[in-house]
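Source file: protein08.cif; contents: mmCIF, C-alpha atoms, pLDDT in the B column; chains and numbers go by the auth columns.
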data_input
#
loop_
_atom_site.group_PDB
_atom_site.id
_atom_site.type_symbol
_atom_site.label_atom_id
_atom_site.label_comp_id
_atom_site.label_asym_id
_atom_site.label_seq_id
_atom_site.Cartn_x
_atom_site.Cartn_y
_atom_site.Cartn_z
_atom_site.B_iso_or_equiv
_atom_site.auth_seq_id
_atom_site.auth_asym_id
ATOM 1 C CA MET A 1 8.406 -56.352 12.057 58.00 50 A
ATOM 2 C CA LYS A 2 11.208 -54.208 10.632 55.00 51 A
ATOM 3 C CA THR A 3 8.616 -51.816 9.197 56.00 52 A
ATOM 4 C CA LYS A 4 7.046 -51.318 12.632 52.00 53 A
ATOM 5 C CA ILE A 5 10.458 -50.558 14.168 57.00 54 A
ATOM 6 C CA ILE A 6 11.312 -48.047 11.429 57.00 55 A
ATOM 7 C CA VAL A 7 7.929 -46.324 11.790 48.00 56 A
ATOM 8 C CA SER A 8 8.385 -46.221 15.566 54.00 57 A
ATOM 9 C CA VAL A 9 11.860 -44.670 15.247 50.00 58 A
ATOM 10 C CA LEU A 10 10.636 -42.076 12.737 52.00 59 A
ATOM 11 C CA LEU A 11 7.665 -41.188 14.921 55.00 60 A
ATOM 12 C CA SER A 12 9.917 -40.808 17.962 55.00 61 A
ATOM 13 C CA ALA A 13 12.292 -38.566 16.012 54.00 62 A
ATOM 14 C CA ALA A 14 9.392 -36.389 14.831 55.00 63 A
ATOM 15 C CA LEU A 15 8.058 -36.025 18.367 51.00 64 A
ATOM 16 C CA LEU A 16 11.509 -35.105 19.625 51.00 65 A
ATOM 17 C CA MET A 17 11.799 -32.368 16.993 54.00 66 A
ATOM 18 C CA ILE A 18 8.474 -30.904 18.081 50.00 67 A
ATOM 19 C CA SER A 19 9.478 -30.839 21.748 49.00 68 A
ATOM 20 C CA SER A 20 10.016 -27.406 23.282 47.00 69 A
ATOM 21 C CA LYS A 21 13.592 -27.016 22.058 47.00 70 A
ATOM 22 C CA GLY A 22 12.987 -28.619 18.682 46.00 71 A
ATOM 23 C CA TYR A 23 9.761 -26.654 18.170 46.00 72 A
ATOM 24 C CA SER A 24 11.482 -23.285 18.438 45.00 73 A
ATOM 25 C CA GLN A 25 14.169 -24.397 16.009 49.00 74 A
ATOM 26 C CA LEU A 26 11.624 -25.815 13.583 58.00 75 A
ATOM 27 C CA PHE A 27 9.384 -22.716 13.479 73.00 76 A
ATOM 28 C CA SER A 28 11.011 -19.296 13.440 87.00 77 A
ATOM 29 C CA THR A 29 9.419 -16.287 15.083 93.00 78 A
ATOM 30 C CA LYS A 30 7.871 -14.043 12.421 96.00 79 A
ATOM 31 C CA LEU A 31 5.951 -10.809 12.114 96.00 80 A
ATOM 32 C CA LYS A 32 3.561 -10.191 9.215 97.00 81 A
ATOM 33 C CA VAL A 33 2.648 -6.533 8.751 97.00 82 A
ATOM 34 C CA THR A 34 -0.294 -5.602 6.524 97.00 83 A
ATOM 35 C CA VAL A 35 -0.538 -1.946 5.492 97.00 84 A
ATOM 36 C CA ILE A 36 -3.806 -0.367 4.391 96.00 85 A
ATOM 37 C CA ASP A 37 -4.804 3.203 3.584 94.00 86 A
ATOM 38 C CA GLY A 38 -7.600 5.199 5.226 91.00 87 A
ATOM 39 C CA LEU A 39 -10.128 3.684 2.802 94.00 88 A
ATOM 40 C CA GLY A 40 -9.133 0.098 3.664 94.00 89 A
ATOM 41 C CA ASN A 41 -7.189 -0.562 0.436 96.00 90 A
ATOM 42 C CA PHE A 42 -3.962 -2.584 0.529 97.00 91 A
ATOM 43 C CA THR A 43 -0.882 -0.399 0.105 97.00 92 A
ATOM 44 C CA GLU A 44 1.765 -1.805 -2.220 98.00 93 A
ATOM 45 C CA GLY A 45 5.316 -0.447 -2.079 98.00 94 A
ATOM 46 C CA ALA A 46 5.180 0.994 1.441 98.00 95 A
ATOM 47 C CA ALA A 47 8.491 1.088 3.324 98.00 96 A
ATOM 48 C CA VAL A 48 8.152 -0.721 6.674 97.00 97 A
ATOM 49 C CA THR A 49 10.897 -0.351 9.294 97.00 98 A
ATOM 50 C CA LEU A 50 11.189 -2.053 12.706 97.00 99 A
ATOM 51 C CA TYR A 51 12.834 -0.499 15.761 96.00 100 A
ATOM 52 C CA THR A 52 13.370 -1.881 19.265 95.00 101 A
ATOM 53 C CA SER A 53 12.836 1.375 21.173 93.00 102 A
ATOM 54 C CA ILE A 54 10.582 4.406 20.961 92.00 103 A
ATOM 55 C CA ASP A 55 13.650 6.684 20.888 93.00 104 A
ATOM 56 C CA ASP A 56 15.080 4.867 17.841 94.00 105 A
ATOM 57 C CA TYR A 57 11.644 5.022 16.194 93.00 106 A
ATOM 58 C CA ARG A 58 11.326 8.782 16.803 90.00 107 A
ATOM 59 C CA SER A 59 14.846 9.514 15.533 92.00 108 A
ATOM 60 C CA ASN A 60 14.703 6.958 12.668 91.00 109 A
ATOM 61 C CA GLN A 61 18.001 5.429 13.823 95.00 110 A
ATOM 62 C CA ASN A 62 19.218 1.888 14.574 97.00 111 A
ATOM 63 C CA ALA A 63 16.577 0.067 12.531 96.00 112 A
ATOM 64 C CA VAL A 64 16.418 -3.678 13.223 96.00 113 A
ATOM 65 C CA MET A 65 14.871 -4.686 9.879 97.00 114 A
ATOM 66 C CA ALA A 66 13.192 -3.047 6.912 98.00 115 A
ATOM 67 C CA GLY A 67 11.128 -4.242 3.974 98.00 116 A
ATOM 68 C CA GLU A 68 8.596 -3.206 1.350 98.00 117 A
ATOM 69 C CA THR A 69 4.979 -4.311 1.076 98.00 118 A
ATOM 70 C CA ASP A 70 3.785 -6.524 -1.774 98.00 119 A
ATOM 71 C CA GLU A 71 0.629 -6.094 -3.900 98.00 120 A
ATOM 72 C CA LYS A 72 -1.490 -7.244 -0.941 98.00 121 A
ATOM 73 C CA GLY A 73 0.091 -4.716 1.417 97.00 122 A
ATOM 74 C CA ARG A 74 2.103 -7.385 3.254 98.00 123 A
ATOM 75 C CA VAL A 75 5.690 -7.687 4.367 98.00 124 A
ATOM 76 C CA LYS A 76 7.149 -10.446 6.581 97.00 125 A
ATOM 77 C CA PHE A 77 10.053 -10.308 8.991 97.00 126 A
ATOM 78 C CA LYS A 78 11.709 -13.526 10.250 95.00 127 A
ATOM 79 C CA ASP A 79 13.833 -14.647 13.205 92.00 128 A
ATOM 80 C CA LEU A 80 12.673 -11.941 15.589 93.00 129 A
ATOM 81 C CA GLU A 81 13.266 -11.622 19.307 93.00 130 A
ATOM 82 C CA GLN A 82 10.356 -11.907 21.737 94.00 131 A
ATOM 83 C CA ILE A 83 10.063 -8.181 22.422 95.00 132 A
ATOM 84 C CA VAL A 84 7.829 -5.245 21.518 96.00 133 A
ATOM 85 C CA TYR A 85 8.706 -3.550 18.215 97.00 134 A
ATOM 86 C CA PHE A 86 8.002 -0.025 17.017 96.00 135 A
ATOM 87 C CA ILE A 87 6.966 0.159 13.359 96.00 136 A
ATOM 88 C CA ASP A 88 7.425 3.053 10.955 96.00 137 A
ATOM 89 C CA VAL A 89 5.483 2.863 7.666 97.00 138 A
ATOM 90 C CA ARG A 90 5.841 5.366 4.815 96.00 139 A
ATOM 91 C CA LYS A 91 4.593 5.678 1.261 97.00 140 A
ATOM 92 C CA ASP A 92 4.702 8.987 -0.599 96.00 141 A
ATOM 93 C CA ASP A 93 3.163 11.555 1.774 95.00 142 A
ATOM 94 C CA LYS A 94 1.368 8.943 3.911 95.00 143 A
ATOM 95 C CA ASN A 95 2.604 7.416 7.172 95.00 144 A
ATOM 96 C CA ASN A 96 1.464 5.934 10.479 94.00 145 A
ATOM 97 C CA ASN A 97 2.930 8.617 12.740 87.00 146 A
ATOM 98 C CA GLY A 98 1.167 8.709 16.077 73.00 147 A
ATOM 99 C CA GLN A 99 -1.084 5.718 15.468 75.00 148 A
ATOM 100 C CA GLY A 100 -0.491 1.999 15.561 66.00 149 A
ATOM 101 C CA VAL A 101 3.271 2.193 15.897 85.00 150 A
ATOM 102 C CA GLN A 102 3.828 -0.413 18.632 91.00 151 A
ATOM 103 C CA THR A 103 3.343 -4.189 18.453 93.00 152 A
ATOM 104 C CA GLY A 104 2.370 -6.346 21.362 91.00 153 A
ATOM 105 C CA PRO A 105 4.967 -8.804 22.658 92.00 154 A
ATOM 106 C CA ILE A 106 6.066 -11.088 19.812 94.00 155 A
ATOM 107 C CA GLU A 107 5.263 -14.752 20.502 95.00 156 A
ATOM 108 C CA LYS A 108 8.008 -17.302 19.904 94.00 157 A
ATOM 109 C CA GLY A 109 7.597 -19.823 17.097 92.00 158 A
ATOM 110 C CA LYS A 110 4.522 -18.121 15.619 93.00 159 A
ATOM 111 C CA VAL A 111 3.551 -15.812 12.788 94.00 160 A
ATOM 112 C CA ASN A 112 2.560 -12.659 14.671 96.00 161 A
ATOM 113 C CA LYS A 113 0.272 -10.304 12.705 96.00 162 A
ATOM 114 C CA VAL A 114 -0.172 -6.540 12.758 95.00 163 A
ATOM 115 C CA ASN A 115 -2.403 -4.328 10.599 95.00 164 A
ATOM 116 C CA ILE A 116 -1.357 -0.708 10.142 95.00 165 A
ATOM 117 C CA VAL A 117 -3.318 2.169 8.620 95.00 166 A
ATOM 118 C CA ILE A 118 -1.408 4.966 6.910 95.00 167 A
ATOM 119 C CA GLU A 119 -2.916 8.375 6.190 93.00 168 A
#

As structure tokens, how would this structure be written, given the file I've shared?
Amino acid sequence: MKTKIIVSVLLSAALLMISSKGYSQLFSTKLKVTVIDGLGNFTEGAAVTLYTSIDDYRSNQNAVMAGETDEKGRVKFKDLEQIVYFIDVRKDDKNNNGQGVQTGPIEKGKVNKVNIVIE
């Protein structure tokens, strides 16, 4: 009998955590950017910078977050707002200027994904 009560309490607590408020606290809002070159190869060591406005993106000012891609061309950003971001990617003489610089609206509590080609 005690086992059933304990299981019931634990199940109730788990369901409460997954409720709308608990869900957003349990799963942070993320963006995973994958960078590839014009031939479709992953680009390791690319500098990826996020901006919240097109003006900041164009002037390279007021960056929100920045990171570098791993051996699979990926970089992840955590705890993001639910807005559109502008992404600047650079490696050596390659970049994504003029193409694929804007995300769609970021969805809360999910891993949002964007692929970017640099040339």

Give as a PyMOL selection string the residues that the PyMOL selection byres ((chain A and resi 119-134) around 10) matches when applied to the coordinates above.
chain A and resi 76-86+90-103+106+113-118+135-137+150-158+160-165

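Rounded to one decimal, atom CA of A:Arg139 and atom CA of A:Asn109 lie 11.9 Å from each other.
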
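Going from atom CA of A:Gly147 over to atom CA of A:Ser108, you cover 13.7 Å.
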
Record the distance separating atom CA of A:Arg107 and atom CA of A:Asn145, expressed in Å with one decimal.
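One can read the atom CA of A:Arg107 to atom CA of A:Asn145 distance as 12.1 Å.
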
I'd like to know which of A:Asp105, A:Gln110, A:Ile167, A:Lys159 is closest to A:Asn144, using only C-alpha atoms.
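Ranked by minimum distance to A:Asn144, first place goes to A:Ile167.
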
Mind working out the centre and edge lengths of an axis-aligned box for stretch 129-144 of chain A, all listed atoms inside, 8 Å added to each side, rounded to one decimal in Å and written as lines of an AutoDock Vina configuration file?
center_x = 7.3
center_y = -0.2
center_z = 10.9
size_x = 27.9
size_y = 39.5
size_z = 39.0

Can you take the partial stretch 132-154 of chain A, add N, CA and C atoms, and return it as an mmCIF file, in the frame of the given file?
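The result, written out as selection_5.cif:
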data_model
loop_
_atom_site.group_PDB
_atom_site.id
_atom_site.type_symbol
_atom_site.label_atom_id
_atom_site.label_comp_id
_atom_site.auth_asym_id
_atom_site.auth_seq_id
_atom_site.Cartn_x
_atom_site.Cartn_y
_atom_site.Cartn_z
ATOM 1 N N ILE A 132 10.151 -9.509 21.800
ATOM 2 C CA ILE A 132 10.063 -8.181 22.422
ATOM 3 C C ILE A 132 8.971 -7.384 21.717
ATOM 4 N N VAL A 133 8.736 -6.182 22.173
ATOM 5 C CA VAL A 133 7.829 -5.245 21.518
ATOM 6 C C VAL A 133 8.634 -4.479 20.470
ATOM 7 N N TYR A 134 8.055 -4.310 19.283
ATOM 8 C CA TYR A 134 8.706 -3.550 18.215
ATOM 9 C C TYR A 134 7.907 -2.290 17.915
ATOM 10 N N PHE A 135 8.612 -1.268 17.459
ATOM 11 C CA PHE A 135 8.002 -0.025 17.017
ATOM 12 C C PHE A 135 8.129 0.006 15.497
ATOM 13 N N ILE A 136 7.017 0.290 14.812
ATOM 14 C CA ILE A 136 6.966 0.159 13.359
ATOM 15 C C ILE A 136 6.732 1.519 12.716
ATOM 16 N N ASP A 137 7.576 1.837 11.755
ATOM 17 C CA ASP A 137 7.425 3.053 10.955
ATOM 18 C C ASP A 137 7.049 2.624 9.543
ATOM 19 N N VAL A 138 5.939 3.176 9.014
ATOM 20 C CA VAL A 138 5.483 2.863 7.666
ATOM 21 C C VAL A 138 5.342 4.161 6.891
ATOM 22 N N ARG A 139 5.897 4.169 5.665
ATOM 23 C CA ARG A 139 5.841 5.366 4.815
ATOM 24 C C ARG A 139 5.622 4.986 3.363
ATOM 25 N N LYS A 140 4.765 5.772 2.715
ATOM 26 C CA LYS A 140 4.593 5.678 1.261
ATOM 27 C C LYS A 140 4.153 7.052 0.785
ATOM 28 N N ASP A 141 4.959 7.632 -0.094
ATOM 29 C CA ASP A 141 4.702 8.987 -0.599
ATOM 30 C C ASP A 141 4.517 9.932 0.592
ATOM 31 N N ASP A 142 3.383 10.615 0.666
ATOM 32 C CA ASP A 142 3.163 11.555 1.774
ATOM 33 C C ASP A 142 2.349 10.942 2.911
ATOM 34 N N LYS A 143 2.144 9.623 2.874
ATOM 35 C CA LYS A 143 1.368 8.943 3.911
ATOM 36 C C LYS A 143 2.297 8.219 4.888
ATOM 37 N N ASN A 144 1.834 8.141 6.157
ATOM 38 C CA ASN A 144 2.604 7.416 7.172
ATOM 39 C C ASN A 144 1.675 7.022 8.314
ATOM 40 N N ASN A 145 2.241 6.347 9.301
ATOM 41 C CA ASN A 145 1.464 5.934 10.479
ATOM 42 C C ASN A 145 1.887 6.680 11.733
ATOM 43 N N ASN A 146 2.458 7.858 11.579
ATOM 44 C CA ASN A 146 2.930 8.617 12.740
ATOM 45 C C ASN A 146 1.815 8.830 13.750
ATOM 46 N N GLY A 147 2.097 8.473 14.989
ATOM 47 C CA GLY A 147 1.167 8.709 16.077
ATOM 48 C C GLY A 147 0.047 7.694 16.213
ATOM 49 N N GLN A 148 -0.001 6.701 15.351
ATOM 50 C CA GLN A 148 -1.084 5.718 15.468
ATOM 51 C C GLN A 148 -0.607 4.335 15.051
ATOM 52 N N GLY A 149 -0.817 3.373 15.893
ATOM 53 C CA GLY A 149 -0.491 1.999 15.561
ATOM 54 C C GLY A 149 0.975 1.736 15.322
ATOM 55 N N VAL A 150 1.835 2.322 16.140
ATOM 56 C CA VAL A 150 3.271 2.193 15.897
ATOM 57 C C VAL A 150 3.937 1.120 16.745
ATOM 58 N N GLN A 151 3.224 0.546 17.703
ATOM 59 C CA GLN A 151 3.828 -0.413 18.632
ATOM 60 C C GLN A 151 3.122 -1.761 18.538
ATOM 61 N N THR A 152 3.927 -2.849 18.440
ATOM 62 C CA THR A 152 3.343 -4.189 18.453
ATOM 63 C C THR A 152 3.128 -4.620 19.893
ATOM 64 N N GLY A 153 2.403 -5.689 20.072
ATOM 65 C CA GLY A 153 2.370 -6.346 21.362
ATOM 66 C C GLY A 153 3.620 -7.211 21.459
ATOM 67 N N PRO A 154 3.814 -7.906 22.571
ATOM 68 C CA PRO A 154 4.967 -8.804 22.658
ATOM 69 C C PRO A 154 4.897 -9.877 21.572
#
